[in-house]
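Peer 1: Got work.txt for you, compact mmCIF, C-alpha atoms:
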```txt
# COMPACT_ATOMS: atom_id res chain seq x y z
CA ASN A 29 -4.80 116.17 7.04
CA GLY A 30 -2.45 117.20 4.23
CA ALA A 31 -2.92 120.94 4.79
CA ALA A 32 0.81 121.32 5.40
CA PHE A 33 1.54 120.56 1.76
CA PRO A 34 1.23 123.30 -0.85
CA LYS A 35 -0.43 122.40 -4.15
CA VAL A 36 1.98 120.87 -6.64
CA ARG A 37 2.73 123.35 -9.39
CA GLY A 38 0.20 123.18 -12.19
CA SER A 39 -1.99 120.55 -10.54
CA GLN A 40 -5.54 120.49 -11.77
CA SER A 41 -8.05 122.30 -9.66
CA GLY A 42 -10.01 120.05 -7.35
CA GLN A 43 -7.15 117.55 -7.13
CA ASP A 44 -5.18 116.97 -3.99
CA SER A 45 -1.40 117.10 -4.07
CA THR A 46 -0.98 115.44 -0.66
CA ARG A 47 -0.57 112.11 -2.36
CA TRP A 48 2.06 113.47 -4.78
CA HIS A 49 4.11 114.85 -1.89
CA VAL A 50 3.88 111.60 0.09
CA VAL A 51 4.97 109.55 -2.94
CA ARG A 52 7.83 111.97 -3.58
CA LYS A 53 8.97 111.69 0.05
CA PHE A 54 8.72 107.90 -0.04
CA LEU A 55 10.80 107.73 -3.26
CA GLY A 56 13.33 110.04 -1.63
CA LEU A 57 13.45 107.76 1.41
CA THR A 58 14.01 104.55 -0.58
CA SER A 59 16.51 106.16 -2.93
CA SER A 60 18.59 107.51 0.00
CA HIS A 61 18.87 103.92 1.27
CA ASN A 62 19.46 102.42 -2.22
CA ILE A 63 16.26 100.38 -2.15
CA PRO A 64 15.03 99.79 -5.72
CA VAL A 65 11.24 99.89 -5.41
CA TYR A 66 8.91 99.80 -8.42
CA LEU A 67 5.33 100.92 -8.92
CA ILE A 68 2.68 98.17 -9.07
CA ASP A 69 -0.37 100.27 -8.23
CA PRO A 70 -3.03 98.88 -10.62
CA LEU A 71 -5.01 102.12 -10.86
CA ILE A 72 -1.96 104.18 -11.83
CA LEU A 73 -0.54 101.45 -14.11
CA GLY A 74 -3.91 101.33 -15.89
CA LEU A 75 -3.66 105.07 -16.64
CA VAL A 76 0.04 104.83 -17.50
CA ASP A 77 -0.65 101.97 -19.93
CA LYS A 78 -2.95 104.20 -22.00
CA ASP A 79 -0.17 106.81 -22.29
CA ILE A 80 2.80 104.43 -22.34
CA GLU A 81 4.27 105.59 -25.67
CA GLN A 82 4.07 109.22 -24.65
CA ILE A 83 5.58 108.48 -21.21
CA ARG A 84 8.43 106.44 -22.72
CA SER A 85 9.36 109.20 -25.12
CA SER A 86 8.60 112.26 -23.00
CA PRO A 87 11.50 114.46 -21.94
CA ASP A 88 12.07 114.90 -18.23
CA GLY A 89 10.99 118.51 -18.30
CA PRO A 90 8.25 119.85 -16.01
CA ASN A 91 4.79 118.54 -16.68
CA PRO A 92 2.02 121.16 -16.80
CA GLU A 93 -0.46 119.00 -14.92
CA CYS A 94 -0.31 116.36 -12.21
CA LYS A 95 -2.17 113.54 -13.91
CA TYR A 96 -1.36 110.30 -12.09
CA PHE A 97 -0.32 110.94 -8.49
CA CYS A 98 -2.78 113.73 -7.68
CA ALA A 99 -6.08 111.85 -7.86
CA PRO A 100 -7.06 111.58 -4.17
CA ARG A 101 -6.69 107.97 -2.99
CA ASP A 102 -6.00 106.36 0.37
CA PHE A 103 -2.81 104.60 -0.70
CA THR A 104 -0.30 103.94 -3.50
CA THR A 105 1.28 100.50 -4.02
CA PHE A 106 4.95 99.75 -4.66
CA ALA A 107 6.93 96.49 -4.83
CA LEU A 108 10.31 95.48 -3.52
CA LEU A 109 12.31 92.40 -4.52
CA ASP A 110 13.58 90.90 -1.28
CA LYS A 111 17.09 90.08 -2.47
CA THR A 112 17.76 93.62 -3.73
CA TRP A 113 18.04 95.15 -0.26
CA LYS A 114 19.40 94.36 3.16
CA TYR A 115 16.84 94.86 5.90
CA GLU A 116 18.13 97.81 7.92
CA VAL A 117 16.82 99.65 10.92
CA GLY A 118 18.21 102.88 9.47
CA LEU A 119 15.43 103.00 6.88
CA PHE A 120 12.73 103.10 9.55
CA ARG A 121 14.62 105.68 11.64
CA THR A 122 14.86 107.94 8.59
CA ALA A 123 11.20 107.30 7.79
CA GLU A 124 10.20 108.41 11.30
CA LYS A 125 12.34 111.56 11.03
CA MET A 126 10.50 112.37 7.78
CA GLY A 127 7.18 112.06 9.61
CA PHE A 128 6.14 108.57 8.44
CA GLN A 129 4.41 106.11 10.71
CA TRP A 130 5.09 102.54 9.61
CA LEU A 131 3.80 99.03 10.08
CA LYS A 132 5.54 95.75 9.24
CA ILE A 133 3.54 92.57 8.53
CA ILE A 134 5.50 89.34 8.91
CA ASN A 135 4.54 85.71 8.46
CA LYS A 136 6.06 82.28 7.92
CA ASP A 137 8.47 81.73 5.03
CA PRO A 138 6.84 78.97 2.91
CA ARG A 139 10.10 78.38 1.03
CA LEU A 140 11.53 76.75 4.16
CA ASP A 141 8.58 74.39 4.56
CA GLY A 142 9.18 70.90 3.28
CA MET A 143 8.58 67.30 4.08
CA ASP A 144 11.50 67.31 6.49
CA ASP A 145 11.01 70.64 8.16
CA LEU A 146 8.00 72.83 8.88
CA SER A 147 10.15 75.81 9.78
CA GLY A 148 8.58 78.58 11.81
CA MET A 149 10.92 81.31 10.52
CA GLU A 150 9.08 84.54 9.77
CA ILE A 151 9.86 87.02 7.01
CA PRO A 152 8.56 90.52 6.19
CA LEU A 153 5.74 90.33 3.63
CA HIS A 154 4.26 93.85 3.62
CA TYR A 155 5.24 97.31 4.87
CA ILE A 156 2.90 100.27 5.18
CA PHE A 157 4.24 103.83 5.48
CA LYS A 158 1.67 106.46 6.42
CA LEU A 159 2.05 110.25 6.22
CA ALA A 160 -0.70 112.85 6.50
CA SER A 161 -3.80 111.29 4.92
CA HIS A 162 -1.95 108.98 2.52
CA ALA A 163 -0.28 105.58 2.85
CA ILE A 164 2.27 103.69 0.80
CA HIS A 165 1.76 99.93 0.62
CA LEU A 166 5.09 98.20 -0.07
CA VAL A 167 4.68 94.56 -1.13
CA VAL A 168 7.76 92.33 -0.71
CA PHE A 169 8.34 89.80 -3.50
CA TYR A 170 10.47 86.68 -3.03
CA GLU A 171 12.05 84.41 -5.63
CA ARG A 172 10.79 80.82 -5.58
CA SER A 173 12.52 77.73 -6.94
CA GLY A 174 10.21 77.60 -9.97
CA ASN A 175 11.97 80.81 -11.11
CA PHE A 176 9.04 83.12 -10.37
CA LEU A 177 8.18 85.84 -7.84
CA TRP A 178 5.82 85.28 -4.93
CA HIS A 179 4.21 87.61 -2.41
CA GLY A 180 2.50 86.49 0.77
CA PRO A 181 -0.93 87.31 2.22
CA LEU A 182 -1.50 90.31 4.45
CA ARG A 183 -2.66 88.90 7.80
CA LEU A 184 -2.76 91.26 10.77
CA LYS A 185 -1.55 89.91 14.12
CA GLN A 186 -3.93 90.35 17.04
CA HIS A 187 -2.18 93.34 18.60
CA MET A 188 -2.09 95.37 15.37
CA ASP A 189 -4.11 98.53 14.77
CA ARG A 190 -6.82 97.51 12.33
CA LYS A 191 -7.65 101.15 11.63
CA PHE A 192 -4.08 102.11 10.65
CA VAL A 193 -5.19 102.18 6.99
CA PRO A 194 -8.33 100.86 5.19
CA PHE A 195 -6.79 97.37 4.84
CA GLN A 196 -9.80 95.95 3.00
CA LYS A 197 -9.14 98.35 0.09
CA LEU A 198 -5.52 97.26 -0.46
CA HIS A 199 -4.98 95.66 -3.87
CA PHE A 200 -2.41 93.08 -2.75
CA GLY A 201 -2.50 90.72 0.19
CA ARG A 202 -5.95 89.17 0.28
CA TYR A 203 -4.28 86.08 -1.18
CA PRO A 204 -0.67 85.12 -1.90
CA GLY A 205 0.25 85.82 -5.53
CA ALA A 206 2.67 84.47 -8.18
CA TYR A 207 4.21 86.54 -10.97
CA GLU A 208 6.85 86.31 -13.66
CA LYS A 209 9.88 88.51 -13.03
CA PRO A 210 9.05 91.83 -14.71
CA GLU A 211 11.46 93.82 -16.81
CA LEU A 212 11.54 97.32 -15.35
CA LEU A 213 11.54 100.69 -17.04
CA LEU A 214 12.60 103.99 -15.45
CA VAL A 215 10.14 106.73 -16.42
CA SER A 216 9.15 110.20 -15.33
CA ILE A 217 5.55 110.40 -14.09
CA ASP A 218 4.26 113.76 -12.77
CA ASP A 219 7.90 114.91 -12.51
CA LEU A 220 8.79 111.93 -10.32
CA LYS A 221 11.36 109.36 -11.46
CA VAL A 222 9.85 105.94 -10.87
CA GLN A 223 10.40 102.36 -12.06
CA ILE A 224 7.41 100.53 -13.55
CA PRO A 225 6.95 97.11 -15.23
CA LYS A 226 8.06 97.57 -18.85
CA ASN A 227 4.75 96.14 -20.05
CA PRO A 228 2.06 97.46 -17.65
CA SER A 229 -0.83 95.73 -19.44
CA SER A 230 0.72 92.25 -19.13
CA PHE A 231 1.47 92.92 -15.44
CA LEU A 232 -2.17 93.93 -14.87
CA GLU A 233 -3.34 90.82 -16.74
CA GLU A 234 -1.08 88.67 -14.53
CA MET A 235 -2.42 90.40 -11.45
CA SER A 236 -6.00 89.41 -12.25
CA HIS A 237 -4.99 85.70 -12.26
CA SER A 238 -2.18 85.72 -9.70
CA ARG A 239 -3.74 83.83 -6.79
CA PHE A 240 -1.31 81.25 -5.39
CA LEU A 241 -1.97 78.06 -3.38
CA GLU A 242 0.74 76.64 -1.17
CA CYS A 243 1.36 72.90 -1.10
CA ARG A 244 -0.17 71.29 2.01
CA TYR A 245 3.02 70.01 3.68
CA ARG A 246 1.43 69.44 7.08
CA GLU A 247 -1.28 67.20 5.60
CA ALA A 248 1.28 65.47 3.34
CA ARG A 249 3.40 64.58 6.36
CA ALA A 250 0.34 63.14 8.11
CA PHE A 251 -0.41 61.12 4.95
CA PHE A 252 3.11 59.63 4.86
CA GLN A 253 2.89 58.66 8.53
CA LEU A 254 -0.12 56.50 7.63
CA TYR A 255 1.20 55.34 4.26
CA PRO A 256 5.04 55.40 4.20
CA ASP A 257 6.47 56.81 0.98
CA ASP A 258 7.73 54.42 -1.69
CA THR A 259 11.47 55.07 -1.88
CA SER A 260 12.33 52.07 -4.05
CA HIS A 261 14.67 52.52 -7.01
CA ASP A 262 11.74 52.26 -9.46
CA ALA A 263 9.69 54.89 -7.60
CA VAL A 264 12.62 57.32 -7.44
CA GLU A 265 13.35 56.83 -11.16
CA PHE A 266 9.69 57.29 -12.12
CA ARG A 267 9.44 60.54 -10.14
CA LYS A 268 12.60 61.84 -11.79
CA LYS A 269 11.25 61.04 -15.27
CA ALA A 270 7.80 62.45 -14.44
CA LYS A 271 9.38 65.71 -13.22
CA CYS A 272 11.43 66.04 -16.46
CA LEU A 273 8.34 65.29 -18.54
CA LEU A 274 6.25 67.88 -16.66
CA HIS A 275 8.97 70.53 -17.13
CA LEU A 276 9.16 69.76 -20.87
CA ALA A 277 5.34 69.81 -21.22
CA ALA A 278 5.13 73.14 -19.36
CA LEU A 279 7.84 74.67 -21.56
CA THR A 280 6.10 73.45 -24.73
CA LEU A 281 2.61 74.67 -23.75
CA ASN A 282 3.89 77.98 -22.30
CA ASN A 283 5.73 78.68 -25.57
CA LEU A 284 2.42 78.14 -27.41
CA GLY A 285 0.58 80.38 -24.92
CA VAL A 286 -1.74 77.49 -23.96
CA LYS A 287 -3.00 77.56 -20.37
CA PHE A 288 -3.01 74.15 -18.63
CA TRP A 289 -3.34 72.68 -15.14
CA LEU A 290 -2.43 69.56 -13.17
CA SER A 291 -5.29 67.10 -13.52
CA SER A 292 -6.30 63.58 -12.40
CA GLY A 293 -3.56 61.66 -10.56
CA THR A 294 -0.97 64.43 -10.92
CA CYS A 295 -3.33 66.90 -9.23
CA LEU A 296 -4.13 64.33 -6.51
CA GLY A 297 -0.39 63.81 -5.90
CA TRP A 298 0.15 67.56 -5.46
CA TYR A 299 -2.84 67.99 -3.15
CA ARG A 300 -2.44 64.86 -1.05
CA GLN A 301 1.30 64.32 -0.80
CA CYS A 302 3.07 67.32 -2.41
CA ASN A 303 4.69 64.95 -4.90
CA VAL A 304 4.19 62.71 -7.91
CA ILE A 305 2.36 59.46 -7.04
CA PRO A 306 4.98 56.82 -7.99
CA HIS A 307 2.51 54.09 -9.01
CA SER A 308 0.55 56.43 -11.33
CA LYS A 309 2.85 55.80 -14.34
CA ASP A 310 1.85 58.97 -16.20
CA VAL A 311 1.57 62.76 -16.02
CA ASP A 312 -1.94 64.22 -16.42
CA LEU A 313 -2.73 67.74 -17.62
CA GLY A 314 -6.02 69.53 -18.30
CA ILE A 315 -6.68 72.20 -20.96
CA PHE A 316 -9.94 74.02 -21.70
CA ILE A 317 -11.05 73.18 -25.24
CA ARG A 318 -11.36 76.93 -25.94
CA ASP A 319 -7.54 77.10 -25.56
CA TYR A 320 -6.91 74.25 -28.03
CA LYS A 321 -4.41 75.02 -30.81
CA ALA A 322 -3.65 72.86 -33.84
CA ASP A 323 0.07 73.42 -33.13
CA ILE A 324 -0.04 71.35 -29.92
CA ILE A 325 0.69 67.96 -31.54
CA PRO A 326 3.58 69.14 -33.78
CA ALA A 327 5.05 71.17 -30.89
CA PHE A 328 5.24 68.08 -28.65
CA GLN A 329 6.62 65.96 -31.49
CA ASN A 330 9.32 68.60 -32.09
CA ALA A 331 10.11 68.45 -28.36
CA GLY A 332 10.85 64.71 -28.75
CA LEU A 333 7.51 63.37 -27.48
CA PRO A 334 5.83 61.23 -30.15
CA LEU A 335 2.02 61.05 -30.25
CA LYS A 336 0.83 57.76 -28.72
CA HIS A 337 -2.89 58.17 -29.29
CA LYS A 338 -5.49 60.74 -30.23
CA PHE A 339 -9.09 60.07 -29.22
CA GLY A 340 -12.19 62.15 -29.95
CA LYS A 341 -12.29 65.38 -31.92
CA VAL A 342 -12.13 69.08 -31.08
CA GLU A 343 -15.93 69.35 -30.79
CA ASP A 344 -16.26 66.28 -28.54
CA SER A 345 -14.14 64.31 -26.03
CA LEU A 346 -10.67 65.19 -27.34
CA GLU A 347 -7.70 63.64 -25.53
CA LEU A 348 -4.05 63.28 -26.51
CA SER A 349 -1.34 61.01 -25.18
CA PHE A 350 2.41 61.45 -25.81
CA GLN A 351 5.22 59.04 -25.05
CA GLY A 352 7.86 60.32 -22.66
CA GLU A 353 11.12 58.69 -21.58
CA GLY A 354 10.87 54.98 -20.75
CA ASP A 355 7.31 53.98 -19.99
CA VAL A 356 6.17 57.39 -18.69
CA LYS A 357 3.46 59.00 -20.79
CA LEU A 358 1.86 62.42 -20.87
CA ASP A 359 -1.95 62.48 -21.03
CA ILE A 360 -3.68 65.73 -21.99
CA PHE A 361 -7.43 65.91 -21.37
CA PHE A 362 -9.52 68.66 -22.93
CA PHE A 363 -12.34 70.11 -20.83
CA TYR A 364 -15.71 71.33 -22.11
CA GLU A 365 -17.75 73.93 -20.24
CA GLU A 366 -21.53 73.63 -19.79
CA ASP A 367 -23.88 75.94 -17.86
CA ASP A 368 -23.47 74.24 -14.51
CA HIS A 369 -20.50 71.87 -14.86
CA ILE A 370 -17.30 71.09 -16.76
CA TRP A 371 -16.48 67.71 -18.28
CA ASN A 372 -13.81 65.81 -20.17
CA GLY A 373 -14.26 62.70 -22.29
CA GLY A 374 -12.78 59.22 -22.54
CA THR A 375 -12.80 56.67 -25.37
CA GLN A 376 -12.32 52.89 -25.26
CA ALA A 377 -10.33 52.04 -28.40
CA LYS A 378 -11.51 48.49 -28.99
CA SER A 379 -15.27 49.11 -28.56
CA GLY A 380 -15.63 52.80 -29.54
CA LYS A 381 -17.42 53.38 -26.22
CA LYS A 382 -17.47 56.98 -24.95
CA PHE A 383 -17.26 58.11 -21.34
CA LYS A 384 -17.77 61.47 -19.67
CA TYR A 385 -16.21 62.75 -16.43
CA LEU A 386 -18.16 65.55 -14.70
CA PHE A 387 -16.58 68.24 -12.49
CA PRO A 388 -18.08 71.19 -10.63
CA LYS A 389 -17.02 74.52 -12.16
CA PHE A 390 -13.59 75.73 -11.06
CA THR A 391 -11.09 78.53 -11.55
CA LEU A 392 -7.31 78.27 -11.82
CA CYS A 393 -4.66 79.18 -9.23
CA TRP A 394 -0.88 79.00 -9.35
CA THR A 395 1.18 76.65 -7.23
CA GLU A 396 4.76 75.40 -7.07
CA PHE A 397 5.20 71.70 -7.89
CA VAL A 398 8.49 69.86 -8.55
CA GLU A 399 10.22 73.27 -8.86
CA LEU A 400 7.74 74.52 -11.43
CA LYS A 401 5.13 77.29 -11.41
CA VAL A 402 1.96 75.55 -12.62
CA HIS A 403 -1.81 75.92 -12.41
CA VAL A 404 -4.13 73.76 -10.31
CA PRO A 405 -7.89 74.16 -9.80
CA CYS A 406 -8.37 76.72 -6.98
CA GLU A 407 -11.26 74.60 -5.71
CA THR A 408 -8.90 71.63 -5.47
CA LEU A 409 -10.79 69.63 -2.86
CA GLN A 410 -14.04 69.66 -4.90
CA TYR A 411 -12.06 68.77 -8.04
CA VAL A 412 -10.26 65.84 -6.39
CA GLU A 413 -13.44 64.61 -4.66
CA ALA A 414 -15.38 64.69 -7.93
CA ASN A 415 -12.78 62.38 -9.47
CA TYR A 416 -11.76 60.17 -6.54
CA GLY A 417 -14.70 60.38 -4.12
CA PRO A 418 -14.65 61.00 -0.36
CA GLU A 419 -11.96 58.33 0.18
CA TRP A 420 -9.36 60.20 -1.92
CA LYS A 421 -6.93 60.20 1.02
CA VAL A 422 -6.54 56.41 0.80
CA PRO A 423 -4.04 55.26 -1.88
CA VAL A 424 -5.50 52.95 -4.56
CA LYS A 425 -2.99 51.00 -6.64
CA THR A 426 -5.42 49.37 -9.07
CA TRP A 427 -7.41 51.96 -10.97
CA ASP A 428 -9.71 51.39 -13.94
CA TRP A 429 -10.30 54.64 -15.83
CA LYS A 430 -13.67 53.31 -17.13
CA SER A 431 -15.21 52.33 -13.79
CA SER A 432 -13.14 53.59 -10.82
CA PRO A 433 -13.69 57.39 -11.07
CA PHE A 434 -16.63 58.70 -9.04
CA ASN A 435 -17.64 61.11 -11.79
CA VAL A 436 -17.65 58.75 -14.80
CA GLN A 437 -20.78 58.35 -16.96
CA ASP A 438 -21.47 56.37 -20.12
CA ASN A 439 -21.66 58.72 -23.09
CA GLY A 440 -22.76 56.51 -25.96
CA VAL A 441 -20.60 54.99 -28.72
CA TRP A 442 -18.69 56.60 -31.59
CA PRO A 443 -20.38 55.84 -34.98
CA ILE A 444 -18.27 53.24 -36.82
CA ASP A 445 -17.82 55.52 -39.85
CA GLU A 446 -16.01 58.02 -37.58
CA TRP A 447 -13.61 55.54 -35.98
CA ASP A 448 -10.72 56.30 -38.34
CA ASN A 449 -10.92 59.92 -37.27
CA VAL A 450 -11.73 59.63 -33.53
CA ILE A 451 -9.66 56.54 -32.58
CA GLN A 452 -6.06 57.02 -33.72
CA ILE A 453 -3.36 54.85 -32.12
CA TYR A 454 0.31 55.14 -33.11
```
I'd like the structure from this file rewritten - as structure tokens, please.
Peer 2:
Amino acid sequence: NGAAFPKVRGSQSGQDSTRWHVVRKFLGLTSSHNIPVYLIDPLILGLVDKDIEQIRSSPDGPNPECKYFCAPRDFTTFALLDKTWKYEVGLFRTAEKMGFQWLKIINKDPRLDGMDDLSGMEIPLHYIFKLASHAIHLVVFYERSGNFLWHGPLRLKQHMDRKFVPFQKLHFGRYPGAYEKPELLLVSIDDLKVQIPKNPSSFLEEMSHSRFLECRYREARAFFQLYPDDTSHDAVEFRKKAKCLLHLAALTLNNLGVKFWLSSGTCLGWYRQCNVIPHSKDVDLGIFIRDYKADIIPAFQNAGLPLKHKFGKVEDSLELSFQGEGDVKLDIFFFYEEDDHIWNGGTQAKSGKKFKYLFPKFTLCWTEFVELKVHVPCETLQYVEANYGPEWKVPVKTWDWKSSPFNVQDNGVWPIDEWDNVIQIY
């Protein structure tokens, strides 16, 4: 019940120092085993962010009040990068000697899943250390091939004590998450030396959009049993070029700070077969029109991708197409948000006809695709079905962008006096 702990010196009246003592003990435990943990607790980082300049410059002398670790809460969250420690039983023995109860949550390692092998190997994803009335939630991050960090979901096995801590209040674990590798800063908070992300506000921003979707390898394998993969020289070459083009597009848009996602056939390829569809002949990306920047065209041209066509205008039906290596092109569709749906436009160059493609509203999640951390619509099935209909699982080699999509509508014709502006072919 925490009564065994005296109040921390100078703590504000009405605040409980149990938490401070538990955090101090936990930091002592990890430091004695050389385990470099860092603080990712969003509530504390939010407070720290407001005082970041003061914390960065403050001397390590005693602090008159306990401001961050003394607010009474059920748990405090830390992170651990998997490759920075060797799993050792000694840690848990020491923890028990210090009075901690602990719980380890393991699950399958998605990095070992692939088309050839659905490995069942399990890895530790979360640890919980409990002492008195406070718990430490330790989230384990793993490096993925797209050069980002990933943490898994927190799923309790049947035999586990569901009352061990208030699991539903934990900030991490409801979904898997993807993050950039943070730079860390060693600071003194409430007289405790602790590592935090160097830029707490950008970490908190990342956290609010961190949800990660795993590629559906099991379903992809079933798909390839019905429709054997095209492994011809042309298909292999196209996939190689499409992967390079996607990496270059991601680098260009990320440098501009423009959020994008896999759209159309590229999104279908990820969702249905965990790969680029070899007969698609292009790479398709979506961008919300609110994220449009005038620098996009020059940035792609500077990256060696000349503009192939520009249809529409910023206010209506904008789409861009860039020429990649060989005959592979990059199509960027801009999406417009209405009250109850989202749409992107299409233009037929020779007739000036306009088309509209309607999608149900969606949010964005991270995934890993061709060794890249990229966004896809979280509601992928609804997105794919809107575009390709209920038969999306069946490959279609002949596709007419004006009539094949399930969600296409006529949208009038561009006035002839606007053609020079809204139909530009290079």
Peer 1: Select, from A:Tyr96, A:Phe54, A:Tyr320, A:Phe176, the residue with the minimum atom-to-atom distance to Leu159 (chain A), counting all atoms listed in the file.
Peer 2: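 Among A:Tyr96, A:Phe54, A:Tyr320, A:Phe176, it is A:Phe54 that comes nearest to Leu159 (chain A).
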Peer 1: Can you work out the spacing between CA of Glu407 (chain A) and CA of Gln186 (chain A) in Å, to one decimal?
Peer 2: 28.6 Å
Peer 1: Quick one: 6 Å padding each side, axis-aligned, all listed atoms of region 100-105 of chain A - centre and edge lengths in Å to one decimal, as lines of an AutoDock Vina configuration file?
Peer 2:
```
center_x = -2.9
center_y = 106.0
center_z = -1.9
size_x = 20.3
size_y = 23.1
size_z = 16.5
```
Peer 1: Per residue of region 252-305 of chain A within 9 Å of region 314-319 of chain A, what are the shortest atom pair and its distance in Å to one decimal, counting all atoms listed in the file, with rows by chain and residue number, as a tab-separated table?
Peer 2:
```
residue	atom	partner	partner_atom	distance
A:Gly285	CA	A:Asp319	CA	8.8
A:Val286	CA	A:Asp319	CA	6.0
A:Lys287	CA	A:Ile315	CA	6.5
A:Phe288	CA	A:Ile315	CA	4.8
A:Trp289	CA	A:Gly314	CA	5.2
A:Leu290	CA	A:Gly314	CA	6.3
A:Ser291	CA	A:Gly314	CA	5.4
A:Ser292	CA	A:Gly314	CA	8.4
```
Peer 1: Using only C-alpha atoms and a cutoff of 7 Å, can you tell me which residues are near (9.3, 55.2, -14.1) in the file's coordinates, and write them out as a PyMOL selection string?
Peer 2: chain A and resi 262-263+265-267+269+309+354-356
Peer 1: Could you write out that same residue set with C-alpha atoms as a compact mmCIF listing (two decimals), in the frame of the given file?
Peer 2:
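Contents of the output file again.txt:
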```
# COMPACT_ATOMS: atom_id res chain seq x y z
CA ASP A 262 11.74 52.26 -9.46
CA ALA A 263 9.69 54.89 -7.60
CA GLU A 265 13.35 56.83 -11.16
CA PHE A 266 9.69 57.29 -12.12
CA ARG A 267 9.44 60.54 -10.14
CA LYS A 269 11.25 61.04 -15.27
CA LYS A 309 2.85 55.80 -14.34
CA GLY A 354 10.87 54.98 -20.75
CA ASP A 355 7.31 53.98 -19.99
CA VAL A 356 6.17 57.39 -18.69
```
Peer 1: Between A:Ile444, A:Ala278, A:Leu213, A:Leu177, which is the closest to Ile83 (chain A) once you count only C-alpha atoms?
Peer 2: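 Closest candidate: A:Leu213.
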Peer 1: Using all atoms listed in the file, find the one residue out of A:Arg139, A:Lys430, A:His165, A:Lys268 that sits nearest to Val193 (chain A).
Peer 2: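 Smallest distance to Val193 (chain A) is found for A:His165.
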Peer 1: Would you list the contacts of Lys197 (chain A) as a PyMOL selection string, taking every protein, DNA or RNA residue within 10 Å and counting only C-alpha atoms, but skipping same-chain residues closer than 5 positions in sequence?
Peer 2: chain A and resi 102-103+202
Peer 1: Save the residues we just selected, C-alpha atoms, as a CSV table (one decimal), in the frame of the given file?
Peer 2:
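In the end it all went to result_24.csv:
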```csv
chain,number,residue,atom,x,y,z
A,102,ASP,CA,-6.0,106.4,0.4
A,103,PHE,CA,-2.8,104.6,-0.7
A,202,ARG,CA,-6.0,89.2,0.3
```
Peer 1: From the list A:Leu348, A:Leu166, A:Val404, A:Leu220, which residue is nearest Asn372 (chain A) when using all atoms listed in the file?
Peer 2: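 Of all the options, A:Leu348 lies closest to Asn372 (chain A).
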Peer 1: Of the residues A:Lys341, A:Lys132, A:Lys114, A:His261, which is the one nearest to Met188 (chain A), using all atoms listed in the file?
Peer 2: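 Answer, going by the shortest atom-to-atom distance: A:Lys132.
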Peer 1: Just give me the gap between CA of Gln223 (chain A) and CA of Tyr66 (chain A) in Å, one decimal is fine.
Peer 2: 4.7 Å
Peer 1: From the list A:Phe339, A:Trp371, A:Phe128, A:Tyr411, which residue is nearest Phe390 (chain A) when using only C-alpha atoms?
Peer 2: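 Selected residue with least distance to Phe390 (chain A): A:Tyr411.
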Peer 1: Which polymer residues have any atom within 6 Å of an atom of Ala206 (chain A), counting all atoms listed in the file, with same-chain residues fewer than 5 positions away left out, as a compact mmCIF listing (two decimals) with C-alpha atoms, keeping the file's coordinate frame?
Peer 2:
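And here is the file that came out, around03.txt:
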```txt
# COMPACT_ATOMS: atom_id res chain seq x y z
CA LEU A 177 8.18 85.84 -7.84
CA TRP A 178 5.82 85.28 -4.93
CA SER A 238 -2.18 85.72 -9.70
CA PHE A 240 -1.31 81.25 -5.39
```
Peer 1: For the atom pair CA of Ser173 (chain A) and CA of Val222 (chain A), what is the interatomic distance in Å to one decimal place?
Peer 2: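 Answer for the CA of Ser173 (chain A) to CA of Val222 (chain A) separation: 28.6 Å.
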Peer 1: For a cutoff of 12 Å around the file-coordinate point (4.9, 84.8, -14.6), which residues qualify once you count all atoms listed in the file? I'd like the result as a PyMOL selection string.
Peer 2: chain A and resi 171-172+174-178+205-211+230-235+237-240+282+394-395+400-403
Peer 1: List as a PDB file with C-alpha atoms, keeping the file's coordinate frame the protein and nucleic acid residues near Leu75 (chain A), meaning an atom at most 12 Å away when all atoms listed in the file are counted, but skip any in the same chain fewer than 2 places from it.
Peer 2:
```pdb
ATOM      1  CA  ASP A  69      -0.370 100.270  -8.230  1.00  0.00           C
ATOM      2  CA  PRO A  70      -3.030  98.880 -10.620  1.00  0.00           C
ATOM      3  CA  LEU A  71      -5.010 102.120 -10.860  1.00  0.00           C
ATOM      4  CA  ILE A  72      -1.960 104.180 -11.830  1.00  0.00           C
ATOM      5  CA  LEU A  73      -0.540 101.450 -14.110  1.00  0.00           C
ATOM      6  CA  ASP A  77      -0.650 101.970 -19.930  1.00  0.00           C
ATOM      7  CA  LYS A  78      -2.950 104.200 -22.000  1.00  0.00           C
ATOM      8  CA  ASP A  79      -0.170 106.810 -22.290  1.00  0.00           C
ATOM      9  CA  ILE A  80       2.800 104.430 -22.340  1.00  0.00           C
ATOM     10  CA  GLN A  82       4.070 109.220 -24.650  1.00  0.00           C
ATOM     11  CA  ILE A  83       5.580 108.480 -21.210  1.00  0.00           C
ATOM     12  CA  LYS A  95      -2.170 113.540 -13.910  1.00  0.00           C
ATOM     13  CA  TYR A  96      -1.360 110.300 -12.090  1.00  0.00           C
ATOM     14  CA  PHE A  97      -0.320 110.940  -8.490  1.00  0.00           C
ATOM     15  CA  ALA A  99      -6.080 111.850  -7.860  1.00  0.00           C
ATOM     16  CA  ILE A 217       5.550 110.400 -14.090  1.00  0.00           C
ATOM     17  CA  PRO A 228       2.060  97.460 -17.650  1.00  0.00           C
ATOM     18  CA  SER A 229      -0.830  95.730 -19.440  1.00  0.00           C
ATOM     19  CA  LEU A 232      -2.170  93.930 -14.870  1.00  0.00           C
TER      20      LEU A 232
END
```
Peer 1: Name all residues at most 8 Å from Phe200 (chain A) (count only C-alpha atoms; drop same-chain ones fewer than 3 positions away) and give them as number ranges by chain.
Peer 2: A: 167, 181-182, 203
